[in-house]
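Source file protein_1.txt; content: compact mmCIF, C-alpha atoms.
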```txt
# COMPACT_ATOMS: atom_id res chain seq x y z
CA MET A 1 -39.40 -21.29 32.72
CA ALA A 2 -39.68 -18.02 34.64
CA GLU A 3 -36.91 -19.24 36.94
CA HIS A 4 -34.73 -20.00 33.93
CA ASN A 5 -35.31 -16.51 32.50
CA GLN A 6 -34.43 -14.93 35.83
CA GLU A 7 -31.26 -17.00 35.95
CA GLN A 8 -30.40 -15.97 32.41
CA SER A 9 -31.03 -12.31 33.19
CA ASP A 10 -28.75 -12.55 36.24
CA MET A 11 -26.06 -14.07 34.07
CA ASP A 12 -26.40 -11.31 31.45
CA HIS A 13 -26.22 -8.73 34.19
CA GLY A 14 -23.20 -10.54 35.56
CA LEU A 15 -21.49 -10.34 32.19
CA ASP A 16 -22.16 -6.60 32.12
CA LEU A 17 -20.62 -6.28 35.57
CA GLY A 18 -17.70 -8.38 34.37
CA ARG A 19 -17.12 -5.81 31.63
CA GLU A 20 -16.92 -3.14 34.32
CA ALA A 21 -14.30 -5.29 36.10
CA ILE A 22 -16.68 -6.02 38.98
CA PRO A 23 -16.26 -9.63 40.19
CA THR A 24 -19.38 -11.67 39.46
CA GLY A 25 -18.26 -15.19 40.20
CA GLY A 26 -19.36 -16.19 36.71
CA PHE A 27 -17.16 -16.77 33.70
CA TYR A 28 -17.52 -17.20 29.98
CA GLN A 29 -16.60 -20.61 28.60
CA PRO A 30 -15.24 -20.19 25.05
CA THR A 31 -16.25 -22.78 22.48
CA GLU A 32 -13.79 -25.22 20.92
CA GLU A 33 -13.85 -23.25 17.66
CA GLU A 34 -13.09 -19.97 19.44
CA LEU A 35 -10.19 -21.52 21.34
CA LYS A 36 -8.79 -23.07 18.17
CA GLN A 37 -8.94 -19.77 16.28
CA ARG A 38 -7.40 -17.88 19.21
CA LYS A 39 -4.51 -20.33 19.28
CA LYS A 40 -3.98 -19.80 15.54
CA ARG A 41 -3.97 -16.02 15.97
CA ASN A 42 -1.57 -16.25 18.91
CA ARG A 43 0.81 -18.36 16.85
CA ALA A 44 0.66 -15.85 14.00
CA ILE A 45 1.42 -12.99 16.41
CA ALA A 46 4.32 -14.97 17.91
CA ALA A 47 5.70 -15.63 14.42
CA MET A 48 5.47 -11.93 13.57
CA VAL A 49 7.27 -10.95 16.78
CA VAL A 50 10.02 -13.50 16.07
CA VAL A 51 10.38 -12.18 12.50
CA PHE A 52 10.65 -8.63 13.81
CA MET A 53 13.31 -9.68 16.34
CA VAL A 54 15.29 -11.50 13.64
CA LEU A 55 15.04 -8.44 11.38
CA VAL A 56 16.30 -6.06 14.07
CA TYR A 57 19.14 -8.49 14.90
CA GLY A 58 19.99 -8.88 11.21
CA ILE A 59 19.96 -5.12 10.65
CA THR A 60 22.21 -4.56 13.70
CA MET A 61 24.71 -7.21 12.57
CA THR A 62 24.82 -5.88 9.01
CA ARG A 63 25.33 -2.32 10.24
CA LEU A 64 28.12 -3.46 12.60
CA GLN A 65 29.80 -5.31 9.75
CA GLN A 66 29.57 -2.24 7.50
CA ASN A 67 31.06 -0.01 10.18
CA ALA A 68 33.85 -2.49 10.97
CA LYS A 69 34.77 -2.65 7.25
CA ALA A 70 34.75 1.12 6.98
CA ASN A 71 36.99 1.47 10.06
CA LEU A 72 39.41 -1.15 8.75
CA ALA A 73 39.62 0.60 5.38
CA GLN A 74 40.35 3.87 7.18
CA GLU A 75 43.10 2.27 9.27
CA LEU A 76 44.73 0.64 6.24
CA ALA A 77 44.64 3.81 4.18
CA PRO A 78 48.03 5.58 3.79
CA PRO A 79 48.52 8.52 6.18
CA PRO A 80 47.77 11.93 4.67
CA LEU A 81 50.77 13.90 3.41
CA LEU A 82 51.95 16.54 5.83
CA THR A 83 53.05 18.91 3.09
CA ASP A 84 51.49 19.66 -0.25
CA PRO A 85 53.83 18.14 -2.91
CA ALA A 86 52.72 20.81 -5.36
CA GLN A 87 54.45 23.45 -3.26
CA ASN A 88 57.88 21.71 -3.44
CA MET B 1 -29.25 -11.39 25.49
CA SER B 2 -27.67 -12.09 22.15
CA ASP B 3 -25.98 -8.69 22.21
CA VAL B 4 -24.40 -9.43 25.56
CA GLN B 5 -23.29 -12.84 24.39
CA ASN B 6 -21.89 -11.45 21.16
CA SER B 7 -19.97 -8.78 22.99
CA THR B 8 -18.34 -11.33 25.29
CA ARG B 9 -17.59 -14.02 22.74
CA LEU B 10 -14.04 -14.62 21.58
CA SER B 11 -13.31 -13.74 17.99
CA THR B 12 -13.24 -16.57 15.47
CA ALA B 13 -11.11 -14.54 13.03
CA ASP B 14 -8.46 -16.51 11.20
CA PRO B 15 -4.95 -15.14 10.60
CA ARG B 16 -5.89 -15.18 6.89
CA ASP B 17 -8.58 -12.59 7.62
CA TYR B 18 -5.88 -10.32 8.98
CA ALA B 19 -3.76 -11.02 5.91
CA ALA B 20 -6.75 -9.97 3.77
CA LEU B 21 -6.81 -6.63 5.62
CA LEU B 22 -3.41 -5.90 4.10
CA LYS B 23 -4.85 -5.80 0.54
CA PRO B 24 -2.28 -8.24 -0.87
CA ARG B 25 -2.94 -7.30 -4.52
CA VAL B 26 -2.29 -3.62 -3.89
CA MET B 27 0.75 -4.62 -1.83
CA SER B 28 2.22 -6.54 -4.75
CA LEU B 29 2.12 -3.45 -6.98
CA VAL B 30 3.67 -1.35 -4.20
CA VAL B 31 6.45 -3.88 -3.68
CA PHE B 32 7.16 -3.99 -7.40
CA THR B 33 7.32 -0.22 -7.92
CA ALA B 34 9.40 0.26 -4.75
CA PHE B 35 11.79 -2.44 -5.97
CA VAL B 36 12.14 -0.61 -9.28
CA GLY B 37 12.95 2.55 -7.29
CA ILE B 38 15.72 0.63 -5.49
CA ILE B 39 17.15 -0.78 -8.73
CA VAL B 40 17.13 2.38 -10.87
CA ALA B 41 18.52 4.66 -8.14
CA PRO B 42 22.08 5.74 -9.04
CA GLY B 43 25.06 3.72 -7.84
CA ALA B 44 25.25 0.18 -6.55
CA VAL B 45 22.89 -0.94 -3.82
CA PRO B 46 24.97 -0.43 -0.61
CA SER B 47 23.74 -3.64 1.05
CA TRP B 48 21.34 -6.12 -0.51
CA PRO B 49 20.18 -7.62 2.81
CA LEU B 50 19.30 -4.12 4.08
CA ALA B 51 17.66 -3.21 0.77
CA LEU B 52 15.47 -6.32 0.93
CA ILE B 53 14.54 -5.61 4.56
CA SER B 54 13.65 -2.07 3.48
CA LEU B 55 11.46 -3.51 0.74
CA LEU B 56 9.74 -5.74 3.29
CA ALA B 57 9.15 -2.71 5.53
CA ILE B 58 7.64 -0.78 2.60
CA ALA B 59 5.37 -3.77 1.84
CA VAL B 60 4.23 -3.98 5.47
CA GLY B 61 3.67 -0.22 5.54
CA ALA B 62 1.48 -0.51 2.43
CA GLY B 63 -0.42 -3.36 4.08
CA ALA B 64 -0.85 -1.33 7.26
CA SER B 65 -2.38 1.57 5.34
CA GLY B 66 -4.69 -0.96 3.64
CA ALA B 67 -5.86 -2.21 7.04
CA LEU B 68 -6.45 1.36 8.25
CA ASN B 69 -8.33 2.12 5.03
CA MET B 70 -10.59 -0.90 5.61
CA TRP B 71 -11.24 0.33 9.15
CA VAL B 72 -12.28 3.76 7.83
CA ASP B 73 -14.26 2.36 4.90
CA ALA B 74 -16.12 -0.43 6.74
CA ASP B 75 -19.49 1.27 6.22
CA ILE B 76 -18.87 1.84 2.51
CA ASP B 77 -17.46 -1.66 1.98
CA ALA B 78 -20.60 -3.21 3.49
CA VAL B 79 -22.74 -1.59 0.79
CA MET B 80 -20.59 -2.23 -2.25
CA GLU B 81 -20.84 -5.55 -4.09
CA ARG B 82 -17.09 -5.60 -4.81
CA THR B 83 -16.06 -5.17 -1.15
CA LYS B 84 -18.87 -6.58 0.99
CA ASN B 85 -16.94 -9.79 1.70
CA ARG B 86 -13.95 -7.99 3.19
CA PRO B 87 -13.15 -9.10 6.76
CA ILE B 88 -14.79 -6.16 8.59
CA PRO B 89 -18.14 -5.89 6.74
CA ALA B 90 -18.38 -9.70 6.70
CA GLY B 91 -18.07 -9.62 10.51
CA ARG B 92 -14.95 -11.78 10.70
CA VAL B 93 -12.74 -9.02 12.16
CA THR B 94 -13.96 -6.24 14.45
CA PRO B 95 -13.20 -2.62 13.44
CA ASP B 96 -11.20 -2.12 16.65
CA SER B 97 -9.00 -5.12 15.86
CA ALA B 98 -8.37 -3.85 12.34
CA LEU B 99 -7.45 -0.42 13.70
CA GLY B 100 -5.04 -1.88 16.25
CA PHE B 101 -3.51 -4.16 13.62
CA GLY B 102 -3.05 -1.29 11.17
CA LEU B 103 -1.50 1.03 13.75
CA ALA B 104 0.87 -1.63 15.09
CA LEU B 105 2.05 -2.58 11.60
CA SER B 106 2.47 1.08 10.66
CA ALA B 107 4.77 1.62 13.64
CA PHE B 108 6.74 -1.59 12.98
CA SER B 109 7.19 -0.79 9.29
CA VAL B 110 8.39 2.78 9.78
CA VAL B 111 10.78 1.82 12.62
CA THR B 112 12.16 -1.09 10.60
CA LEU B 113 12.68 1.10 7.53
CA ILE B 114 14.51 3.75 9.57
CA LEU B 115 16.76 1.08 11.10
CA ALA B 116 17.45 -0.64 7.79
CA SER B 117 17.91 2.48 5.66
CA ASN B 118 17.54 6.10 6.78
CA TYR B 119 15.24 8.78 8.16
CA VAL B 120 14.31 10.18 4.74
CA ALA B 121 12.84 6.85 3.61
CA GLY B 122 11.20 6.30 7.01
CA ALA B 123 9.59 9.74 6.94
CA LEU B 124 8.35 9.23 3.37
CA LEU B 125 6.80 5.88 4.32
CA GLY B 126 5.17 7.41 7.41
CA PHE B 127 3.81 10.24 5.26
CA THR B 128 2.48 7.72 2.69
CA ILE B 129 0.59 5.80 5.39
CA ILE B 130 -0.91 8.94 6.93
CA PHE B 131 -1.79 10.37 3.51
CA TYR B 132 -3.62 7.21 2.46
CA ALA B 133 -5.34 6.38 5.74
CA VAL B 134 -6.23 9.88 6.89
CA ILE B 135 -6.17 12.38 4.04
CA TYR B 136 -7.46 10.06 1.30
CA SER B 137 -9.67 7.60 3.19
CA ILE B 138 -11.23 9.92 5.76
CA TYR B 139 -11.44 13.20 3.84
CA LEU B 140 -10.92 13.04 0.09
CA LYS B 141 -12.72 9.81 -0.75
CA ARG B 142 -16.07 10.93 0.65
CA SER B 143 -15.94 14.60 -0.23
CA THR B 144 -14.66 15.25 -3.76
CA PRO B 145 -14.64 13.62 -7.21
CA GLN B 146 -10.95 14.56 -7.33
CA ASN B 147 -10.41 11.96 -4.55
CA ILE B 148 -8.31 9.56 -6.57
CA VAL B 149 -6.43 12.34 -8.39
CA ILE B 150 -5.04 13.77 -5.14
CA GLY B 151 -5.16 10.47 -3.24
CA GLY B 152 -3.15 8.87 -6.04
CA ALA B 153 -0.08 10.46 -4.44
CA ALA B 154 -0.15 7.73 -1.77
CA GLY B 155 0.06 4.99 -4.38
CA ALA B 156 2.70 6.90 -6.31
CA LEU B 157 5.15 7.32 -3.43
CA PRO B 158 6.55 3.76 -3.07
CA PRO B 159 9.22 4.09 -5.83
CA VAL B 160 10.37 7.33 -4.17
CA VAL B 161 10.55 5.53 -0.82
CA GLY B 162 12.52 2.70 -2.43
CA TRP B 163 14.88 5.20 -4.08
CA ALA B 164 15.39 7.06 -0.79
CA ALA B 165 15.99 3.79 1.06
CA VAL B 166 19.17 3.10 -0.92
CA THR B 167 20.42 6.66 -1.55
CA GLY B 168 19.09 8.72 1.36
CA SER B 169 17.64 11.29 -1.05
CA ALA B 170 14.75 11.82 -3.45
CA PRO B 171 15.96 13.71 -6.55
CA LEU B 172 14.01 14.69 -9.70
CA ASP B 173 14.28 11.24 -11.31
CA ALA B 174 12.57 9.64 -8.29
CA TRP B 175 9.74 12.16 -8.61
CA ILE B 176 9.38 11.31 -12.30
CA LEU B 177 8.51 7.75 -11.27
CA PHE B 178 6.06 9.29 -8.80
CA ALA B 179 4.52 11.43 -11.56
CA ILE B 180 4.06 8.43 -13.87
CA ILE B 181 1.98 6.59 -11.25
CA LEU B 182 0.16 9.77 -10.21
CA LEU B 183 -1.00 10.48 -13.78
CA TRP B 184 -1.75 6.79 -14.41
CA THR B 185 -4.15 6.67 -11.43
CA PRO B 186 -7.10 8.72 -12.83
CA PRO B 187 -7.56 6.77 -16.10
CA HIS B 188 -7.09 3.51 -14.17
CA PHE B 189 -9.64 4.23 -11.42
CA TRP B 190 -12.14 6.16 -13.52
CA ALA B 191 -12.28 3.25 -15.98
CA LEU B 192 -13.21 1.03 -13.02
CA ALA B 193 -15.64 3.65 -11.70
CA LEU B 194 -17.38 3.80 -15.09
CA TYR B 195 -18.42 0.16 -15.06
CA LYS B 196 -18.94 0.05 -11.27
CA LYS B 197 -20.92 3.29 -11.23
CA GLY B 198 -23.94 1.70 -9.57
CA ASP B 199 -21.82 0.32 -6.76
CA TYR B 200 -20.24 3.69 -5.98
CA GLU B 201 -23.62 5.41 -6.20
CA LYS B 202 -25.10 2.96 -3.70
CA ALA B 203 -22.25 3.70 -1.28
CA GLY B 204 -22.55 7.46 -1.81
CA ILE B 205 -18.95 7.92 -2.93
CA PRO B 206 -18.54 10.96 -5.21
CA MET B 207 -16.57 9.26 -7.98
CA MET B 208 -16.16 11.27 -11.18
CA PRO B 209 -18.74 9.34 -13.30
CA ASN B 210 -21.36 9.75 -10.54
CA VAL B 211 -20.72 13.47 -10.09
CA ALA B 212 -19.70 14.81 -13.50
CA GLY B 213 -21.28 12.12 -15.67
CA GLU B 214 -19.91 9.62 -18.17
CA LYS B 215 -19.06 12.08 -20.93
CA SER B 216 -16.99 14.36 -18.73
CA THR B 217 -15.20 11.38 -17.17
CA LYS B 218 -14.31 10.01 -20.60
CA ASN B 219 -12.94 13.43 -21.61
CA GLN B 220 -10.84 13.64 -18.46
CA ILE B 221 -9.56 10.10 -18.97
CA LEU B 222 -8.34 11.20 -22.39
CA VAL B 223 -6.60 14.28 -20.95
CA TYR B 224 -4.85 12.31 -18.21
CA THR B 225 -3.85 9.64 -20.74
CA ALA B 226 -2.17 12.32 -22.87
CA LEU B 227 -0.35 13.67 -19.80
CA LEU B 228 0.67 10.15 -18.80
CA VAL B 229 2.10 9.42 -22.24
CA LEU B 230 4.04 12.70 -22.15
CA ILE B 231 5.49 12.12 -18.67
CA SER B 232 6.40 8.53 -19.58
CA PHE B 233 9.10 10.00 -21.89
CA ALA B 234 10.59 12.16 -19.12
CA PRO B 235 13.05 9.39 -18.07
CA VAL B 236 14.55 9.50 -21.57
CA VAL B 237 14.99 13.26 -21.29
CA THR B 238 16.69 13.16 -17.87
CA GLY B 239 18.79 10.09 -18.62
CA LEU B 240 16.97 7.79 -16.22
CA GLY B 241 15.91 5.72 -19.22
CA ASN B 242 17.51 5.01 -22.57
CA TRP B 243 16.14 4.38 -26.08
CA PRO B 244 14.92 0.80 -25.43
CA TYR B 245 12.77 2.17 -22.62
CA GLY B 246 11.66 5.01 -24.90
CA LEU B 247 10.53 2.55 -27.58
CA ILE B 248 8.56 0.48 -25.08
CA ALA B 249 7.01 3.61 -23.54
CA ALA B 250 5.97 4.76 -27.03
CA GLY B 251 4.33 1.42 -27.87
CA LEU B 252 2.54 1.20 -24.53
CA GLY B 253 1.49 4.85 -24.71
CA ALA B 254 0.01 4.30 -28.18
CA LYS B 255 -2.03 1.32 -26.98
CA PHE B 256 -3.17 3.22 -23.86
CA THR B 257 -4.25 6.16 -26.02
CA ILE B 258 -6.15 3.90 -28.45
CA ASP B 259 -8.02 2.24 -25.56
CA ALA B 260 -8.83 5.62 -23.99
CA TRP B 261 -10.04 6.92 -27.38
CA ARG B 262 -12.23 3.83 -27.89
CA LEU B 263 -13.75 4.44 -24.46
CA HIS B 264 -14.28 8.09 -25.37
CA LYS B 265 -16.14 7.12 -28.55
CA ALA B 266 -18.10 4.20 -27.03
CA PRO B 267 -21.87 4.78 -26.78
CA ALA B 268 -23.33 4.71 -23.28
CA GLY B 269 -24.32 1.36 -21.83
CA ALA B 270 -22.74 -2.04 -22.47
CA ALA B 271 -20.25 -0.69 -25.01
CA THR B 272 -18.89 1.80 -22.47
CA ASP B 273 -18.67 -0.91 -19.81
CA GLN B 274 -16.78 -3.14 -22.23
CA ALA B 275 -14.35 -0.39 -23.28
CA ALA B 276 -13.84 0.68 -19.65
CA LYS B 277 -13.02 -2.91 -18.62
CA GLN B 278 -10.56 -3.13 -21.51
CA LEU B 279 -8.83 0.11 -20.44
CA PHE B 280 -8.80 -0.88 -16.77
CA GLY B 281 -7.20 -4.26 -17.55
CA PHE B 282 -4.60 -2.76 -19.87
CA SER B 283 -3.72 0.02 -17.42
CA ILE B 284 -2.48 -2.55 -14.89
CA LEU B 285 -0.35 -4.19 -17.56
CA TYR B 286 0.89 -0.76 -18.70
CA LEU B 287 2.24 0.21 -15.30
CA PHE B 288 3.85 -3.17 -14.80
CA ILE B 289 5.59 -3.20 -18.20
CA ILE B 290 6.77 0.41 -18.13
CA PHE B 291 8.41 -0.04 -14.72
CA ALA B 292 9.74 -3.48 -15.70
CA ALA B 293 11.29 -1.94 -18.85
CA LEU B 294 13.09 0.69 -16.81
CA MET B 295 14.33 -1.92 -14.37
CA ALA B 296 15.41 -4.34 -17.12
CA GLU B 297 17.40 -1.56 -18.79
CA HIS B 298 19.30 -0.83 -15.59
CA LEU B 299 19.88 -4.50 -14.76
CA SER B 300 21.06 -5.42 -18.27
CA GLY B 301 23.51 -2.54 -18.59
CA LEU B 302 21.62 -0.98 -21.51
CA HIS B 303 21.19 2.12 -19.43
CA GLY B 304 23.74 4.93 -19.86
```
structure tokens encoding of this file:
Amino acid sequence: MAEHNQEQSDMDHGLDLGREAIPTGGFYQPTEEELKQRKKRNRAIAAMVVVFMVLVYGITMTRLQQNAKANLAQELAPPPLLTDPAQN
Amino acid sequence: MSDVQNSTRLSTADPRDYAALLKPRVMSLVVFTAFVGIIVAPGAVPSWPLALISLLAIAVGAGASGALNMWVDADIDAVMERTKNRPIPAGRVTPDSALGFGLALSAFSVVTLILASNYVAGALLGFTIIFYAVIYSIYLKRSTPQNIVIGGAAGALPPVVGWAAVTGSAPLDAWILFAIILLWTPPHFWALALYKKGDYEKAGIPMMPNVAGEKSTKNQILVYTALLVLISFAPVVTGLGNWPYGLIAAGLGAKFTIDAWRLHKAPAGAATDQAAKQLFGFSILYLFIIFAALMAEHLSGLHG
């Protein structure tokens, strides 16, 4: 029992060291539930990143289209009069 | 031992817990009022896809400020009956995770809004988030009974942001929408605070009924109701609304005033609780209908 407690205490100490980024040789084994939930969260984050990318792409394309239309309208517009007809 | 294990365990938070951090019910009201701002702004919407992306950014920004508010209020939420099951006090999401989530979404929402619309709208959204998360949640809420009067500005800004998103400016008419929500906030929240007085007292939040007492709160509710009814006619004066809106605003204002008067006259105890619940419930409907009326008028061509 005492041996078990000592072992446990070493492990706890090891985890503390692990937090300080000191190699301990030990590792934490996540439970099935923890792994499942982490996977779910990762998928949600991935979905959010994809949505953000699609939004930025969509915004860029829409802006380009707006600018192209505006340029075309400017090119098709009749040239400005060189003289003011009111003066003739 | 258990502390060490707890600190090293992976989180078992579900994505739905993070969604709950966004305060979806508050978000829905923000989305609605911002959408009304987009619709009633002068001229045609320049690009519907960009307007809808802007609306999404405003919604995410509102959610982000909700997450930051929950991070700030975790200690209060744990004490209050109404909020003790929120993700942070319930232990499903750590405060650090909520903070990171709120900050990341704030940045995404403001950047997206700037890209999809303009800097004015982006700056207004950024200001709204900071005002709610920092000025209201950290300072006002815990220090003054005027917390929701001043803090109401954060909830009142979304229609202005929506307006700015499609026009690039925020003229007087946009600020009238702001004023309607700003003046609606005190009667709405103080009605809630009247029948949840015990909860707020337990958490040590200086809400008006806990600080100034029931009678004073009821008087102030009446004053703010009168101001709200007055400002609700401002759109008719400036031309933002027409007579159908005016009629609806008059009817709604009359009902709001009657409910506020009933609360004012209700004896302390169960009768006050009942009247406060009635006013609180109607206030939500009031805001929804008054904004919907304005929007319907613009969409149906009855306006101007």
Q.
Contacts from chain B to chain A, 6 Å maximum, only C-alpha atoms: show me the residue list as an NGL selection string.
A. :B and (10 or 12 or 15 or 116)
**Q.** atom CA of B:Ile53 to atom CA of A:Leu72, straight-line distance in Å
**A.**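 Result for atom CA of A:Leu72 versus atom CA of B:Ile53: 25.6 Å, one decimal.
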Q.
Would you pick out the contacts of B:Leu192 at 8 Å or less, using all atoms listed in the file, so that residues sharing its chain but fewer than 4 positions from it are not included, and give the list as a ChimeraX atom specification?
A. /B:188,196,276-277,280
Resulting file, chosen residues, C-alpha atoms, as a PDB file, in the frame of the given file:
```pdb
ATOM      1  CA  HIS B 188      -7.090   3.510 -14.170  1.00  0.00           C
ATOM      2  CA  LYS B 196     -18.940   0.050 -11.270  1.00  0.00           C
ATOM      3  CA  ALA B 276     -13.840   0.680 -19.650  1.00  0.00           C
ATOM      4  CA  LYS B 277     -13.020  -2.910 -18.620  1.00  0.00           C
ATOM      5  CA  PHE B 280      -8.800  -0.880 -16.770  1.00  0.00           C
TER       6      PHE B 280
END
```
Q | Residue nearest B:Ala226 among B:Leu183, B:Ala123, B:Met208, B:Ala74 (counting only C-alpha atoms) | A |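 Looking at the shortest contact to B:Ala226, the residue is B:Leu183.
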Q: Could you jot down the atom CA of B:Ala296 to atom CA of B:Gln278 separation for me, Å, one decimal place?
A: 26.4 Å
Q. Which distance in Å separates atom CA of B:Leu157 and atom CA of B:Val26, to one decimal?
A.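 That distance, rounded to one decimal, is 13.2 Å.
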